[in-house]
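Q: Next comes the structure file my_file_33.tsv, holding TSV, C-alpha atoms (C1' of nucleotides).
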chain	number	residue	atom	x	y	z
A	955	MET	CA	98.58	127.77	112.44
A	956	ARG	CA	101.56	129.76	113.64
A	957	ASP	CA	104.33	130.86	111.30
A	958	LEU	CA	107.82	129.54	111.73
A	959	ALA	CA	110.53	131.83	113.05
A	960	HIS	CA	112.35	131.43	109.71
A	961	SER	CA	111.01	132.62	106.36
A	962	ALA	CA	109.80	130.14	103.77
A	963	ASP	CA	112.39	131.47	101.34
A	964	ALA	CA	115.21	130.83	103.77
A	965	LEU	CA	113.97	127.29	104.46
A	966	SER	CA	113.62	126.27	100.83
A	967	ARG	CA	117.03	127.78	100.06
A	968	ASP	CA	118.68	125.85	102.90
A	969	LEU	CA	117.05	122.63	101.76
A	970	LEU	CA	118.09	123.11	98.12
A	971	ASP	CA	121.67	123.80	99.26
A	972	TRP	CA	121.59	120.54	101.21
A	973	TYR	CA	120.11	118.69	98.23
A	974	ASP	CA	122.81	119.99	95.88
A	975	VAL	CA	125.34	118.13	98.02
A	976	HIS	CA	123.37	115.12	99.27
A	977	ALA	CA	120.94	114.22	96.47
A	978	ARG	CA	120.86	110.44	96.17
A	979	ALA	CA	121.51	108.96	92.75
A	980	MET	CA	118.53	107.10	91.29
A	981	PRO	CA	118.06	105.56	87.83
A	982	TRP	CA	115.17	107.94	87.01
A	983	ARG	CA	116.60	111.06	88.60
A	984	VAL	CA	118.32	113.97	86.85
A	985	ALA	CA	121.01	115.07	89.31
A	986	PRO	CA	120.78	118.72	90.42
A	987	ALA	CA	124.11	119.54	88.70
A	988	ASP	CA	122.84	118.12	85.41
A	989	ARG	CA	119.55	119.92	85.81
A	990	ALA	CA	121.45	123.16	86.30
A	991	GLN	CA	123.12	122.45	82.94
A	992	GLY	CA	119.73	122.26	81.27
A	993	VAL	CA	119.18	118.49	81.24
A	994	ILE	CA	115.43	117.77	81.14
A	995	PRO	CA	113.88	114.68	82.76
A	996	ASP	CA	111.94	112.20	80.62
A	997	PRO	CA	108.29	112.44	81.78
A	998	TYR	CA	107.75	108.76	80.96
A	999	ARG	CA	110.53	107.70	83.31
A	1000	ILE	CA	109.37	110.09	86.04
A	1001	TRP	CA	105.78	108.85	85.78
A	1002	LEU	CA	106.83	105.19	85.73
A	1003	SER	CA	109.12	105.63	88.74
A	1004	GLU	CA	106.48	107.52	90.71
A	1005	VAL	CA	103.85	104.84	90.13
A	1006	MET	CA	106.32	102.14	91.16
A	1007	LEU	CA	107.28	104.15	94.24
A	1008	GLN	CA	103.70	104.35	95.54
A	1009	GLN	CA	103.93	102.68	98.97
A	1010	THR	CA	107.13	101.00	97.83
A	1011	THR	CA	110.77	101.57	98.78
A	1012	VAL	CA	113.41	102.92	96.41
A	1013	ALA	CA	115.47	99.76	96.92
A	1014	ALA	CA	112.59	97.53	95.84
A	1015	VAL	CA	111.82	99.65	92.77
A	1016	LYS	CA	115.27	99.98	91.19
A	1017	ASP	CA	115.50	96.62	89.41
A	1018	TYR	CA	111.90	96.74	88.26
A	1019	PHE	CA	112.43	100.20	86.81
A	1020	GLU	CA	115.52	99.04	84.90
A	1021	ARG	CA	113.70	96.01	83.48
A	1022	PHE	CA	110.63	98.02	82.46
A	1023	THR	CA	112.57	100.79	80.73
A	1024	ARG	CA	114.85	98.32	78.96
A	1025	ARG	CA	111.89	96.33	77.66
A	1026	TRP	CA	109.61	99.34	77.01
A	1027	PRO	CA	111.78	102.45	76.44
A	1028	THR	CA	108.83	104.79	75.70
A	1029	VAL	CA	105.22	105.14	76.77
A	1030	THR	CA	104.18	104.11	73.26
A	1031	ASP	CA	106.17	100.89	73.57
A	1032	LEU	CA	104.49	100.19	76.88
A	1033	ALA	CA	101.05	100.95	75.45
A	1034	ALA	CA	101.62	98.30	72.76
A	1035	ALA	CA	102.62	95.60	75.25
A	1036	GLN	CA	100.53	92.53	76.03
A	1037	ASP	CA	98.69	92.73	79.35
A	1038	ALA	CA	100.19	89.43	80.50
A	1039	ASP	CA	103.73	90.65	79.81
A	1040	VAL	CA	103.26	93.80	81.88
A	1041	MET	CA	101.64	91.91	84.76
A	1042	GLY	CA	104.49	89.39	84.60
A	1043	GLU	CA	107.15	92.11	84.79
A	1044	TRP	CA	105.31	93.70	87.73
A	1045	ALA	CA	105.04	90.39	89.60
A	1046	GLY	CA	106.59	90.64	93.07
A	1047	LEU	CA	106.27	94.41	93.34
A	1048	GLY	CA	102.77	94.29	94.84
A	1049	TYR	CA	99.65	96.44	94.60
A	1050	TYR	CA	98.86	95.00	91.19
A	1051	ALA	CA	96.12	97.53	90.41
A	1052	ARG	CA	99.06	99.84	89.76
A	1053	ALA	CA	100.18	97.69	86.83
A	1054	ARG	CA	96.70	97.50	85.33
A	1055	ASN	CA	96.26	101.28	85.67
A	1056	LEU	CA	99.79	101.86	84.36
A	1057	LEU	CA	98.87	100.11	81.13
A	1058	LYS	CA	95.53	101.92	80.89
A	1059	CYS	CA	97.26	105.25	81.38
A	1060	ALA	CA	99.98	104.44	78.83
A	1061	ARG	CA	97.32	103.61	76.25
A	1062	VAL	CA	95.47	106.88	76.90
A	1063	ILE	CA	98.69	108.88	76.56
A	1064	SER	CA	99.74	106.95	73.48
A	1065	THR	CA	96.47	107.00	71.55
A	1066	GLU	CA	94.82	110.22	72.70
A	1067	ARG	CA	97.87	112.44	73.26
A	1068	ASP	CA	100.31	111.19	70.67
A	1069	GLY	CA	102.60	109.78	73.35
A	1070	ARG	CA	103.14	113.10	75.13
A	1071	PHE	CA	102.42	113.48	78.84
A	1072	PRO	CA	100.34	116.46	80.01
A	1073	ASP	CA	102.50	118.95	81.90
A	1074	SER	CA	100.01	120.24	84.48
A	1075	TYR	CA	98.58	118.87	87.71
A	1076	GLU	CA	95.02	119.45	86.49
A	1077	GLU	CA	95.50	117.35	83.36
A	1078	LEU	CA	97.47	114.63	85.11
A	1079	ILE	CA	95.13	114.02	88.03
A	1080	GLY	CA	92.45	111.52	87.21
A	1081	LEU	CA	94.46	109.64	84.59
A	1082	PRO	CA	94.37	105.96	85.56
A	1083	GLY	CA	96.52	105.41	88.66
A	1084	ILE	CA	97.42	109.09	89.03
A	1085	GLY	CA	96.13	110.64	92.26
A	1086	PRO	CA	97.02	113.84	94.11
A	1087	TYR	CA	100.54	112.79	95.01
A	1088	THR	CA	101.58	111.42	91.62
A	1089	ALA	CA	100.03	114.31	89.69
A	1090	ALA	CA	101.98	116.79	91.81
A	1091	ALA	CA	105.17	114.74	91.61
A	1092	VAL	CA	105.13	114.42	87.81
A	1093	ALA	CA	104.21	118.09	87.30
A	1094	ALA	CA	106.97	119.20	89.67
A	1095	ILE	CA	109.76	116.75	88.85
A	1096	ALA	CA	109.23	116.28	85.11
A	1097	PHE	CA	108.02	119.78	84.25
A	1098	ASP	CA	109.38	121.92	87.10
A	1099	ARG	CA	105.94	123.18	88.05
A	1100	PRO	CA	105.55	124.65	91.57
A	1101	GLU	CA	103.23	121.87	92.81
A	1102	THR	CA	103.31	120.57	96.36
A	1103	VAL	CA	103.98	116.86	96.87
A	1104	LEU	CA	102.54	115.31	100.00
A	1105	ASP	CA	103.70	111.77	100.64
A	1106	GLY	CA	104.57	109.94	103.84
A	1107	ASN	CA	107.96	111.66	103.99
A	1108	VAL	CA	106.57	115.16	103.62
A	1109	GLU	CA	103.82	114.45	106.15
A	1110	ARG	CA	106.43	113.39	108.68
A	1111	VAL	CA	108.74	116.34	107.98
A	1112	MET	CA	105.90	118.88	108.22
A	1113	ALA	CA	104.42	117.32	111.36
A	1114	ARG	CA	107.81	117.68	113.04
A	1115	LEU	CA	108.74	121.06	111.64
A	1116	HIS	CA	105.49	122.50	113.02
A	1117	ASP	CA	105.17	120.10	115.98
A	1118	GLU	CA	101.68	119.02	114.93
A	1119	HIS	CA	100.30	116.49	117.41
A	1120	ALA	CA	96.90	115.81	115.83
A	1121	PRO	CA	96.86	112.30	114.32
A	1122	LEU	CA	96.92	111.24	110.67
A	1123	PRO	CA	95.00	111.01	108.48
A	1124	GLY	CA	92.86	113.82	109.92
A	1125	VAL	CA	95.72	116.31	110.13
A	1126	LYS	CA	96.66	115.80	106.48
A	1127	PRO	CA	95.06	119.07	105.20
A	1128	ILE	CA	97.04	121.04	107.79
A	1129	LEU	CA	100.27	119.32	106.78
A	1130	LYS	CA	99.48	119.98	103.13
A	1131	ALA	CA	99.05	123.68	103.91
A	1132	HIS	CA	102.38	123.74	105.73
A	1133	ALA	CA	104.04	122.05	102.75
A	1134	ALA	CA	102.42	124.39	100.25
A	1135	ALA	CA	103.63	127.43	102.18
A	1136	LEU	CA	107.21	126.23	101.72
A	1137	THR	CA	107.06	125.23	98.04
A	1138	PRO	CA	109.29	127.68	96.13
A	1139	GLN	CA	108.80	129.11	92.66
A	1140	HIS	CA	112.52	128.55	92.01
A	1141	ARG	CA	113.58	124.92	91.32
A	1142	PRO	CA	110.29	123.40	92.54
A	1143	GLY	CA	111.19	120.05	90.97
A	1144	ASP	CA	114.45	119.75	92.87
A	1145	TYR	CA	112.72	121.04	95.99
A	1146	ALA	CA	110.04	118.32	95.83
A	1147	GLN	CA	112.69	115.64	95.61
A	1148	ALA	CA	114.73	117.34	98.33
A	1149	VAL	CA	111.92	117.24	100.93
A	1150	MET	CA	111.34	113.57	100.22
A	1151	ASP	CA	115.07	112.80	100.38
A	1152	LEU	CA	115.20	114.64	103.68
A	1153	GLY	CA	112.41	112.48	105.06
A	1154	ALA	CA	113.98	109.32	103.71
A	1155	THR	CA	117.52	109.92	104.99
A	1156	ILE	CA	117.51	112.45	107.87
A	1157	CYS	CA	113.97	112.92	109.17
A	1158	THR	CA	113.38	109.17	109.42
A	1159	PRO	CA	110.47	107.55	111.30
A	1160	LYS	CA	112.68	106.27	114.13
A	1161	SER	CA	115.69	108.03	115.62
A	1162	PRO	CA	115.84	110.99	113.20
A	1163	ALA	CA	119.28	112.51	112.65
A	1164	CYS	CA	118.31	115.98	113.87
A	1165	GLY	CA	121.92	116.95	114.51
A	1166	ILE	CA	122.76	117.02	110.79
A	1167	CYS	CA	119.38	118.26	109.52
A	1168	PRO	CA	119.40	121.43	107.38
A	1169	TRP	CA	116.16	122.39	109.17
A	1170	ARG	CA	117.37	121.72	112.71
A	1171	ALA	CA	117.16	125.42	113.64
A	1172	PRO	CA	113.51	126.11	112.72
A	1173	CYS	CA	112.22	122.61	113.66
A	1174	ARG	CA	109.70	122.90	116.50
A	1175	ALA	CA	109.59	119.19	117.33
A	1176	ARG	CA	113.35	119.18	117.79
A	1177	THR	CA	113.05	122.04	120.26
A	1178	GLU	CA	110.23	120.27	122.07
A	1179	GLY	CA	111.91	116.86	121.97
A	1180	THR	CA	108.89	115.30	120.27
A	1181	ALA	CA	110.36	114.53	116.84
A	1182	ALA	CA	110.58	110.77	117.26
A	1183	ASP	CA	106.91	110.61	118.35
A	1184	LEU	CA	105.56	112.42	115.27
A	1185	PRO	CA	103.52	112.13	113.24
A	1186	ARG	CA	100.88	110.49	115.43
A	1187	LYS	CA	98.60	108.01	113.71
A	1188	THR	CA	95.23	106.52	114.51
A	1189	PRO	CA	95.70	102.91	115.68
A	1190	LYS	CA	95.45	100.12	113.10
A	1191	LYS	CA	93.06	97.20	113.24
A	1192	PRO	CA	94.50	93.76	113.99
A	1193	LYS	CA	95.00	91.38	111.06
A	1194	PRO	CA	92.88	88.19	111.05
A	1195	THR	CA	94.34	84.89	109.84
A	1196	ARG	CA	92.80	83.22	106.79
A	1197	HIS	CA	93.35	79.76	105.34
A	1198	GLY	CA	93.36	78.35	101.85
A	1199	ILE	CA	94.55	75.55	99.58
A	1200	VAL	CA	96.30	75.75	96.21
A	1201	TYR	CA	96.48	72.89	93.73
A	1202	ILE	CA	99.65	72.59	91.67
A	1203	ALA	CA	99.34	70.23	88.75
A	1204	ARG	CA	101.58	69.29	85.82
A	1205	SER	CA	100.76	67.23	82.79
A	1206	GLU	CA	102.81	64.16	81.81
A	1207	CYS	CA	104.87	66.33	79.45
A	1208	GLY	CA	105.55	68.98	82.09
A	1209	ASP	CA	102.94	71.65	81.37
A	1210	TRP	CA	101.76	73.67	84.38
A	1211	LEU	CA	98.09	74.39	85.13
A	1212	LEU	CA	97.63	78.04	86.08
A	1213	GLU	CA	94.76	80.50	86.37
A	1214	ARG	CA	94.45	84.16	85.44
A	1215	ARG	CA	92.83	85.89	88.39
A	1216	PRO	CA	89.97	88.33	87.76
A	1217	ASP	CA	90.99	91.97	87.34
A	1218	LYS	CA	89.26	93.18	90.47
A	1219	GLY	CA	90.30	92.21	93.97
A	1220	LEU	CA	93.37	90.70	95.56
A	1221	LEU	CA	96.19	89.91	93.09
A	1222	GLY	CA	93.83	91.06	90.33
A	1223	GLY	CA	94.99	90.23	86.83
A	1224	MET	CA	97.84	88.06	88.06
A	1225	LEU	CA	98.68	84.45	87.30
A	1226	GLY	CA	98.20	81.98	90.13
A	1227	TRP	CA	97.55	78.38	91.07
A	1228	PRO	CA	93.98	77.12	91.12
A	1229	GLY	CA	92.68	77.06	94.66
A	1230	THR	CA	90.09	77.81	97.26
A	1231	ASP	CA	88.90	81.17	98.46
A	1232	TRP	CA	90.86	82.40	101.46
A	1233	GLU	CA	88.67	82.38	104.53
A	1234	ALA	CA	88.57	81.59	108.23
A	1235	ALA	CA	88.51	77.86	107.53
A	1236	PRO	CA	89.68	76.06	104.37
A	1237	SER	CA	87.52	73.69	102.32
A	1238	GLU	CA	88.69	71.61	99.35
A	1239	ALA	CA	88.12	72.98	95.83
A	1240	ALA	CA	90.34	70.92	93.52
A	1241	PRO	CA	90.28	71.87	89.82
A	1242	PHE	CA	89.86	68.20	88.85
A	1243	ASP	CA	89.44	64.82	90.51
A	1244	ALA	CA	92.75	63.19	91.32
A	1245	ASP	CA	94.77	61.67	94.11
A	1246	TRP	CA	96.03	65.03	95.41
A	1247	THR	CA	99.20	64.74	97.48
A	1248	PRO	CA	99.47	67.19	100.42
A	1249	ALA	CA	102.80	69.01	100.51
A	1250	PRO	CA	104.65	68.61	103.82
A	1251	ALA	CA	105.08	72.37	104.26
A	1252	GLU	CA	102.64	75.27	104.03
A	1253	VAL	CA	103.01	78.86	102.87
A	1254	ARG	CA	102.80	81.65	105.41
A	1255	HIS	CA	102.27	85.05	103.91
A	1256	THR	CA	101.02	88.42	105.15
A	1257	PHE	CA	98.97	90.76	103.02
A	1258	THR	CA	98.01	94.32	103.87
A	1259	HIS	CA	94.99	93.31	105.92
A	1260	PHE	CA	95.28	89.60	106.79
A	1261	HIS	CA	97.68	86.74	107.45
A	1262	LEU	CA	97.39	83.73	105.16
A	1263	ILE	CA	98.24	80.09	105.78
A	1264	LEU	CA	98.19	78.20	102.52
A	1265	GLN	CA	98.22	74.43	102.15
A	1266	ILE	CA	99.52	72.91	98.93
A	1267	ARG	CA	98.36	69.82	97.05
A	1268	THR	CA	100.05	68.36	93.99
A	1269	ALA	CA	98.89	65.95	91.32
A	1270	THR	CA	99.47	64.90	87.73
A	1271	LEU	CA	97.08	66.35	85.19
A	1272	PRO	CA	94.96	63.67	83.48
A	1273	ALA	CA	95.54	63.22	79.75
A	1274	GLY	CA	92.95	65.12	77.73
A	1275	PHE	CA	92.30	67.67	80.47
A	1276	VAL	CA	90.41	70.64	79.04
A	1277	THR	CA	91.09	74.07	80.55
A	1278	GLU	CA	88.39	76.45	81.72
A	1279	ALA	CA	88.21	79.96	80.27
A	1280	ASN	CA	90.37	81.46	83.02
A	1281	GLN	CA	92.91	78.63	82.99
A	1282	GLU	CA	96.14	78.27	81.05
A	1283	LEU	CA	98.33	75.28	80.41
A	1284	LEU	CA	101.86	76.67	80.25
A	1285	ARG	CA	104.63	74.66	78.63
A	1286	ARG	CA	107.72	74.17	80.79
A	1287	HIS	CA	109.69	76.72	78.79
A	1288	ASP	CA	106.87	79.29	78.79
A	1289	PHE	CA	106.36	79.15	82.54
A	1290	ARG	CA	108.44	81.74	84.41
A	1291	PRO	CA	108.07	81.53	88.20
A	1292	SER	CA	109.04	85.21	88.25
A	1293	ASP	CA	105.70	85.99	86.58
A	1294	LEU	CA	103.90	84.90	89.75
A	1295	PRO	CA	102.94	87.17	92.63
A	1296	THR	CA	105.06	86.39	95.66
A	1297	VAL	CA	102.54	84.30	97.56
A	1298	MET	CA	102.12	82.00	94.53
A	1299	ARG	CA	105.86	81.83	93.94
A	1300	LYS	CA	106.34	80.77	97.57
A	1301	ALA	CA	104.01	77.82	96.94
A	1302	TYR	CA	105.95	76.92	93.80
A	1303	ASP	CA	109.27	77.12	95.65
A	1304	LEU	CA	108.01	74.63	98.25
A	1305	VAL	CA	107.12	71.92	95.73
A	1306	ARG	CA	109.35	72.59	92.73
A	1307	ASP	CA	111.98	70.01	93.69
A	1308	THR	CA	109.38	67.28	94.06
A	1309	LEU	CA	107.75	68.04	90.70
A	1310	CYS	CA	110.76	68.72	88.46
B	168	DT	C1'	84.70	107.64	104.16
B	169	DA	C1'	86.96	103.89	105.41
B	170	DA	C1'	88.45	99.77	103.71
B	171	DG	C1'	90.88	97.07	100.22
B	172	DC	C1'	95.03	96.44	98.10
B	173	DG	C1'	101.52	93.45	98.40
B	174	DT	C1'	105.84	92.99	99.63
B	175	DG	C1'	110.41	93.22	101.82
B	176	DG	C1'	113.39	95.33	105.11
B	177	DG	C1'	114.52	97.30	109.56
B	178	DG	C1'	114.25	97.88	114.54
C	365	DT	C1'	108.83	87.23	116.16
C	366	DC	C1'	106.28	90.93	115.32
C	367	DC	C1'	105.21	95.43	114.16
C	368	DC	C1'	106.05	99.37	111.48
C	369	DC	C1'	106.69	101.29	107.45
C	370	DA	C1'	107.53	102.76	102.07
C	371	DA	C1'	107.72	108.67	96.72
C	372	DG	C1'	99.04	106.23	97.46
C	373	DC	C1'	95.02	105.10	94.53
C	374	DT	C1'	90.38	103.38	94.01
C	375	DT	C1'	85.78	102.51	95.29
Take the structure in this file and express it as structure tokens.
A:
Amino acid sequence: MRDLAHSADALSRDLLDWYDVHARAMPWRVAPADRAQGVIPDPYRIWLSEVMLQQTTVAAVKDYFERFTRRWPTVTDLAAAQDADVMGEWAGLGYYARARNLLKCARVISTERDGRFPDSYEELIGLPGIGPYTAAAVAAIAFDRPETVLDGNVERVMARLHDEHAPLPGVKPILKAHAAALTPQHRPGDYAQAVMDLGATICTPKSPACGICPWRAPCRARTEGTAADLPRKTPKKPKPTRHGIVYIARSECGDWLLERRPDKGLLGGMLGWPGTDWEAAPSEAAPFDADWTPAPAEVRHTFTHFHLILQIRTATLPAGFVTEANQELLRRHDFRPSDLPTVMRKAYDLVRDTLC
DNA sequence: TAAGCGTGGGG
DNA sequence: TCCCCAAGCTT
């Protein structure tokens, strides 16, 4: 790989100068001015925010972060929480394995490390839910270690800065090397956040604002006019459409019949309505015999790798109904629709007025 | 290693 | 409407 015309020191300095002025305020972030005054970030809040931010936008995370930290102010508080409460608070944020691993990790930190987070990449990586990105991010942001973060933003910024045309994910090691070469020993925590802010606000996927970029001078893709086309990616597979049926039942006194989904797989560990598997063609699988009423509308929902069309049936639960091991009968005041993953809440929203 | 794993917003 | 994408991890 060729070196840039500008030194790594000059680049990191220019970016930190830009960050000092343009750093976005976030609930978990210590502003650069406060950091300069000696304010230290709370590793628990940095870790929690980074896990929430995996494949998730800042806008989507903010409210969840506020609710989590209000309810569980420390990692020890979180470790002591009920599984169902944590899954319920995570509902709607997606990628639910994150919530299960979050709780596992909190319990390891709480019981095996006296509630204190490790401060190095090597000790962080491999904790439940902490991979290469999150380990580097926590080490850099919470502990100001000179680790290199490589997320989608940094990949894009590096691909453009060096005009790398080879497609992701194959080119990732090259981009990581480019990023590592720029990581400074001075203020590495602020620098890590600065590169990501740059990618999120200036070096955006479409129509990047090259004219106001602190790296406009050294950027090769800007010179070549290729910025908007980078990084290249290998084409994605088309999403198939699957079908299913959910069965929403209430007892005479208003209790709701729900199921706790198995930990592994789609929506693992989350609450949901009893229903069929989701496959190419639906087949009935009612949780009990009844005169099930088809709902007039159906749920359309898209997951990471397939589209789903979900029919809904409703019925009244027979008196004396006995729940299976994975089922729960939730009293009207104990049932919070916000505890449901979005696809299940959509089904609820379509029938709630006819059942309440 | 490539596939599985959510959701909401923007162009 | 549809596709892309977002501070990735696990198996």
Q: Edge lengths and centre in Å to one decimal, as AutoDock Vina command-line options, is what I'm after for the box along x, y and z that holds all listed atoms of range 1137-1153 of chain A once 3 Å is added on each side.
A:
--center_x 111.1 --center_y 120.8 --center_z 98.0 --size_x 14.1 --size_y 22.6 --size_z 20.1
Q: Please compute the CA of Lys1218 in chain A-CA of Gly1048 in chain A distance, one decimal, in Å.
A: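 Separating CA of Lys1218 in chain A from CA of Gly1048 in chain A is a distance of 14.2 Å.
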Q: Residues of chain C within 10 Å of chain A: nearest atom pair and distance (Å, one decimal) for each, counting only C-alpha atoms (C1' of nucleotides), sorted by chain and number, as JSON lines?
A:
{"residue": "C:DC368", "atom": "C1'", "partner": "A:Pro1159", "partner_atom": "CA", "distance": 9.3}
{"residue": "C:DC369", "atom": "C1'", "partner": "A:Pro1159", "partner_atom": "CA", "distance": 8.3}
{"residue": "C:DA370", "atom": "C1'", "partner": "A:Thr1010", "partner_atom": "CA", "distance": 4.6}
{"residue": "C:DA371", "atom": "C1'", "partner": "A:Leu1007", "partner_atom": "CA", "distance": 5.2}
{"residue": "C:DG372", "atom": "C1'", "partner": "A:Gln1008", "partner_atom": "CA", "distance": 5.4}
{"residue": "C:DC373", "atom": "C1'", "partner": "A:Gly1083", "partner_atom": "CA", "distance": 6.1}
{"residue": "C:DT374", "atom": "C1'", "partner": "A:Gly1083", "partner_atom": "CA", "distance": 8.4}
Q: Please identify all residues of chain B having at least one atom at most 7 Å from any atom of chain A, considering all atoms listed in the file, and return them as a list of chain:residue names.
A: B:DC172, B:DG173, B:DT174
Q: Work out how far apart CA of Arg1286 in chain A and CA of Ser1205 in chain A are and give it in Å to one decimal.
A: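 Separation of CA of Arg1286 in chain A and CA of Ser1205 in chain A: 10.0 Å.
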Q: Find, counting only C-alpha atoms, the residue in A:Ala1131, A:Ile1199, A:Ala1251, A:Ala1181 that gets nearest to Ala1235 in chain A.
A: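 Using only C-alpha atoms, the shortest distance to Ala1235 in chain A belongs to A:Ile1199.
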Q: List every protein, DNA or RNA residue that has an atom no more than 8 Å from (108.8, 77.9, 101.0) in the file's coordinate frame, counting all atoms listed in the file, and report them as a PyMOL selection string.
A: chain A and resi 1251-1253+1300-1304
Q: Between CA of Arg1285 in chain A and CA of Trp1232 in chain A, what is the distance, to one decimal in Å?
A: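 Calculated distance between CA of Arg1285 in chain A and CA of Trp1232 in chain A is 27.8 Å.
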